[in-house]
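A.B. asks: What follows is a structure written as structure tokens; I'll ask about it next.
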Amino acid sequence: MDSVQTLPPVSDLSPSVLSFLNDKFFTSETVNLAPNFVSELRTQCFVLDEALTELNCRLGAGLVSYASFSGQIHNLFGDINAKLHGLRSSTFSSSSASDEGGGEKNGKAEKILGEELPALAKEVARVEAVRVYAETALRLDTLVGDIEDAVSCTLKKNLTKHSLVQNSEEMRLVAIKTLKVTEDILSSITMTRPQWTQLVSAVDHRVDRALAILRPQAIADHRALLASLGWPPPLSSLTFTNPDTQDATKVPNPLLGMHGDLKHKYCENFFALCNLQELQRQRKARQLEGHNRQVALHQPLWAIEELVNPMWLASQRHFSKWVDKPEFIFALVYKIIRDYVDPIDELLQPLVDEAKLAGYSCQEEWISAMVTSLATYLAKEVFPVYVNQLDEEGVTGIRSSARISWLHLIDLMISFDKRIKSLVEHSGILLSLEEDEILQKISSLSVFCDREDWLDLWAEIELSDALDKLKPEIDDERNWTTKVQSAVLSSYEAHKSPLVSSAFLQHLTYVIERCRSLPTTALRSRFLRLAVVPVIRKFLDCILIRCQEAEGMTALTDNDGLIKVATSINAARYLESVLKEWSEDVFFLEMRLTHCDQVELSINESSPGRGILDEEIEKIEEFRIQWVEKISLVILRGFDSHCRDYVKSKRQWQEKHEEGWTVSKNLIGALDYLQGKMSVVQVSLNSMDFIGVWRSLAAGIDRFIFTGILMSNAKFSNGGSERFGCDMEVFYGVFGSWCLRPEGFFPKASEGLKLLKMGEKKIQDCLAGGERWLKENGIRHLSVAEAEKILKSRVFIN
């Protein structure tokens with residue numbers, strides 16, 4: 001039987017030992033557990049002995065390595081000293097014997113100074129580089145050894161029961177500080193000694209192994225600390241019937257309840273995790289130097305992720321019950337985000353700033369982490385259900401509520417993103433120049449970033465819904481005949497636009513506004529091409545069909561056909577003007593710049609520098625120009641048919657002008673036809689396109705008169721010239737309602753009349769002067785041959 005061992009006298013024990021015993025053995029029950037405690041102490045002592053032995057081995061290896069390097073350097077310096085001593089002796093002897101030795105010894109000195117001395121300097125530099133390399137390598141080896149020891153110590157303490165957590169935290173902080181020193185040295189080597197790549201690579205490999213152990217340990221300790229604080233809080237008391245109200249029931253916040261040592265311990269752990277992340281960011285920045293580093297450098301804040309993940313897991317228990325009621329999901333997520341965003345900023349942002357984590361905002365990280373988790377949940381749990389419902393609808397061919405449910409889900413996502421964006425702005429978070437990246441982090445619609453097929457499906461549903469709503473508007477003939485009324489002169493009235501164009505614009509505006517919520521320019525551009533461009537093309541098809549129907553039935557010879565075409569042109573003109581205004585908006589200009597930056601474009605996409613709406617605007621413009629020309633051509637043909645007798649009668653130009661008639665009798669019917677048609681067109685067509693009609697018509701009549709009368713070999717007497725002048729004045733009067741100088745739109749006919757009114761002597765001068773005389777007298781639209789033919793048709797009867 002072992003003898004009973006007693007404790008030494010109390011006076012021989014140190015105060016720390018007495019305090020330790022008092023803490024452990026404060027009752028009789030705890031004294032009975034002394035054997036178990038002794039066993040644990042022996043286990044810990046054994047572990048410490050092993051650690052001490054390992055440290056001694058490392059220290060011995062380091063000393064041996066240092067001694068080896070030191071010996072090599074000592075030998076190198078010994079060789080250098082010997083060579084310098086020999087150089088000094090040879091230089092002294094050569095200088096003392098320079099008077100006696102003559103040229104040979106001088107040549108030897110020059111050889112020493114010119115060849116041996118540079119070689120010696122090079123050798124000194126090489127030895128110095130070796131010395132710096134050896135010292136740096138030895139220092140890095142010591143630092144990495146300290147890191148590995150600290151990591152090993154924290155690992156062993158975590159594996160031991162009843163470990164001293166405080167010591168573990170201290171060892172982790174030691175490891176992080178040593179890692180920072182090591183990283184500073186590696187950064188300096190990368191900038192000043194880029195040839196030492198193998199040394200840097202070897203150190204990085206060992207540090208990466210240490211970090212692979214240190215980071216999971218730190219995160220595990222952080223999670224355990226959060227669990228001890230009661231995180232995540234219970235959500236059973238949450239009320240989210242009206243999440244926008246500020247007096248709604250708030251979720252209890254355990255972070256605000258921390259005090260004293262508990263708060264200090266959490267802050268210390270949070271600070272260590274931030275330091276570790278900043279260290280990791282610096283290492284990535286160095287390792288990715290010269291590459292695109294933005295994706296790798298800015299990672300989510302680890303400590304905030306550890307707050308979000310357990311909160312999200314607790315929330316998913318509720319979400320699983322609300323797949324058919326997604327509005328509850330968005331309401332709960334928004335309330336959690338709103339209730340915690342300010343306390344998290346007040347408590348944790350100072351720690352992030354102290355850790356010098358540049359570019360991190362706790363508010364932004366909290367919001368983006370929650371929204372990203374929501375987008376991930378929607379992608380995994382909600383959208384697949386809705387897609388399956390749509391697939392079933394496609395198989396059965398029966399329109400069900402699947403499309404309505406899909407659009408309802410999109411409405412909820414858009415509304416949620418608007419509230420989140422408002423919350424971000426209210427929290428004082430500034431959107432940077434790279435706004436797309438921030439919007440992607442705080443938008444639930446970022447689910448479409450990785451699933452463009454879902455975006456295409458959404459665009460298809462929006463397009464189908466828009467066309468279904470537009471169909472009754474298109475089929476209602478009243479929408480094509482009734483113009484939009486307004487109390488103020490607006491673009492509607494200026495373009496005489498029918499109601500149907502307003503209906504199309506309303507649907508286009510609605511779809512574009514929904515598209516604005518997408519987080520990236522690429523997604524917005526793709527959505528517009530799939531959901532907006534087809535609606536514009538549908539509009540163009542509708543007005544084209546109406547014009548073709550009018551042309552096919554009456555060849556536009558009746559007034560109803562002209563009015564129908566004019567109404568379609570008005571609708572096209574108004575839509576074109578609105579689309580041009582939109583294309584100059586920043587929303588569309590950003591997409592144009594994005595296309596300019598793209599290197600490869602698909603066949604169906606516009607070329608670089610062109611906007612999404614440019615091609616559609618050009619098509620509408622081509623349609624409008626084409627049918628404006630057709631209206632002019634139809635009226636000109638009718639005018640031609642009414643002028644046949646007027647043109648064929650050549651004898652009238654040799655007869656005297658009848659008194660009391662201001663216009664030729666054969667021209668009255670044609671003029672009446674012309675004024676009637678132009679009156680109809682003027683009332684029906686918008687002012688801008690009407691200008692094109694009457695100008696085109698004036699040019700056609702000018703050609704018609706010039707070719708059919710002036711170039712027809714008819715002879716003009718004094719009375720015929722006067723008659724022709726009176727007829728032209730009537731034409732000027734018709735077109736004078738729309739311009740100040742109508743004769744300018746009849747260039748050839750007016751200049752021909754000018755030649756016919758010349759006297760006989762002036763005609764002779766003109767025939768002799770040629771082109772120069774014509775220009776001097778303002779005849780610029782007729783060639784010399786044409787002018788001579790008109791002048792020769794003039795006859796003077798004595």
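Residue numbering restarts at 1 in every chain; chains get A, B, ... in the order shown in the structure tokens, and ligands count up from 1 in that same order.
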Quick one: residues within 12 Å of Leu499 of chain A, only C-alpha atoms counted, chain neighbours fewer than 4 positions away excluded, as a list in words?

C.D. replies: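 Answer for this query is Leu470, Glu473, Ile474, Asp476, Glu477, Arg478, Asn479, Trp480, Thr481, Thr482, Lys483, Val484, Gln485, Tyr492, Glu493, His495, Ala503, Phe504, Leu505, Gln506, Thr567, Ser568, Asn570, Ala571, Tyr574 and Leu575 of chain A.
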
A.B. asks: Give me the residues within 10 Å of Asp465 of chain A as a list in words, counting only C-alpha atoms and dropping any in the same chain fewer than 5 places off.

C.D. replies: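 In the requested form, the answer reads Arg403, Ile404, Leu407, Ala459, Glu460, Leu470 and His507 of chain A.
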
A.B. asks: Filtering to N, CA and C atoms, could you give me those residues as a CSV table (one decimal), in the first residue's frame?

C.D. replies:
chain,number,residue,atom,x,y,z
A,403,ARG,N,-48.0,30.5,-65.0
A,403,ARG,CA,-47.4,31.7,-65.4
A,403,ARG,C,-47.8,32.9,-64.5
A,404,ILE,N,-49.0,32.8,-64.0
A,404,ILE,CA,-49.4,33.8,-63.0
A,404,ILE,C,-48.5,33.8,-61.7
A,407,LEU,N,-45.0,35.2,-62.5
A,407,LEU,CA,-45.0,36.7,-62.5
A,407,LEU,C,-45.2,37.3,-61.1
A,459,ALA,N,-38.5,36.3,-69.7
A,459,ALA,CA,-38.7,37.2,-70.8
A,459,ALA,C,-39.8,36.7,-71.7
A,460,GLU,N,-39.8,35.4,-71.9
A,460,GLU,CA,-40.9,34.8,-72.8
A,460,GLU,C,-42.2,35.0,-72.1
A,470,LEU,N,-52.2,43.2,-75.4
A,470,LEU,CA,-52.3,44.2,-76.5
A,470,LEU,C,-53.3,43.7,-77.6
A,507,HIS,N,-47.2,49.4,-72.4
A,507,HIS,CA,-46.7,48.0,-72.2
A,507,HIS,C,-45.2,48.0,-72.2

A.B. asks: Could you give me, as a VMD selection string, each residue of segment 134-378 of chain A that DSSP assigns to helix (DSSP H, G or I) when run on this structure's backbone?

C.D. replies: chain A and resid 134 to 159 165 to 192 197 to 229 254 to 257 260 to 287 294 to 297 302 to 319 326 to 354 362 to 378

A.B. asks: Could you name the residues that touch segment 535-537 of chain A at 12 Å or less, counting only C-alpha atoms, but leaving out those on the same chain fewer than 3 positions away, as a PyMOL selection string?

C.D. replies: chain A and resi 459-460+462-471+501+503-512+528-532+540-544+571-572+575-576+578-579+612-620+623

A.B. asks: In Å to one decimal, how far is atom CA of Glu590 of chain A from atom CA of Trp406 of chain A?

C.D. replies: 28.4 Å

A.B. asks: Atom CA of Phe690 of chain A to atom CA of Ile709 of chain A: how many Å, to one decimal?

C.D. replies: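 Separation between atom CA of Phe690 of chain A and atom CA of Ile709 of chain A: 27.7 Å.
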
A.B. asks: Might you pull out every residue within 12 Å of segment 193-201 of chain A, with only C-alpha atoms counted and same-chain residues fewer than 2 positions away left off, and present them as a PyMOL selection string?

C.D. replies: chain A and resi 129-130+132-134+136-141+144+182-191+203-208+283+286-287

A.B. asks: Skipping near chain neighbours, those fewer than 5 positions away, what residues fall within 12 Å of Trp322 of chain A using only C-alpha atoms, listed as a tab-separated table (two decimals) with C-alpha atoms, in the first residue's frame?

C.D. replies:
chain	number	residue	atom	x	y	z
A	315	SER	CA	-35.13	30.63	-40.98
A	316	GLN	CA	-35.29	27.77	-43.49
A	317	ARG	CA	-37.48	25.79	-41.11
A	327	GLU	CA	-44.44	36.69	-49.87
A	328	PHE	CA	-43.90	35.39	-46.32
A	329	ILE	CA	-40.31	34.43	-47.16
A	330	PHE	CA	-39.48	37.91	-48.45
A	331	ALA	CA	-41.22	39.56	-45.50
A	332	LEU	CA	-39.27	37.51	-42.93
A	378	LEU	CA	-34.70	30.65	-54.39
A	381	GLU	CA	-35.86	25.37	-53.64
A	382	VAL	CA	-38.36	27.77	-55.23
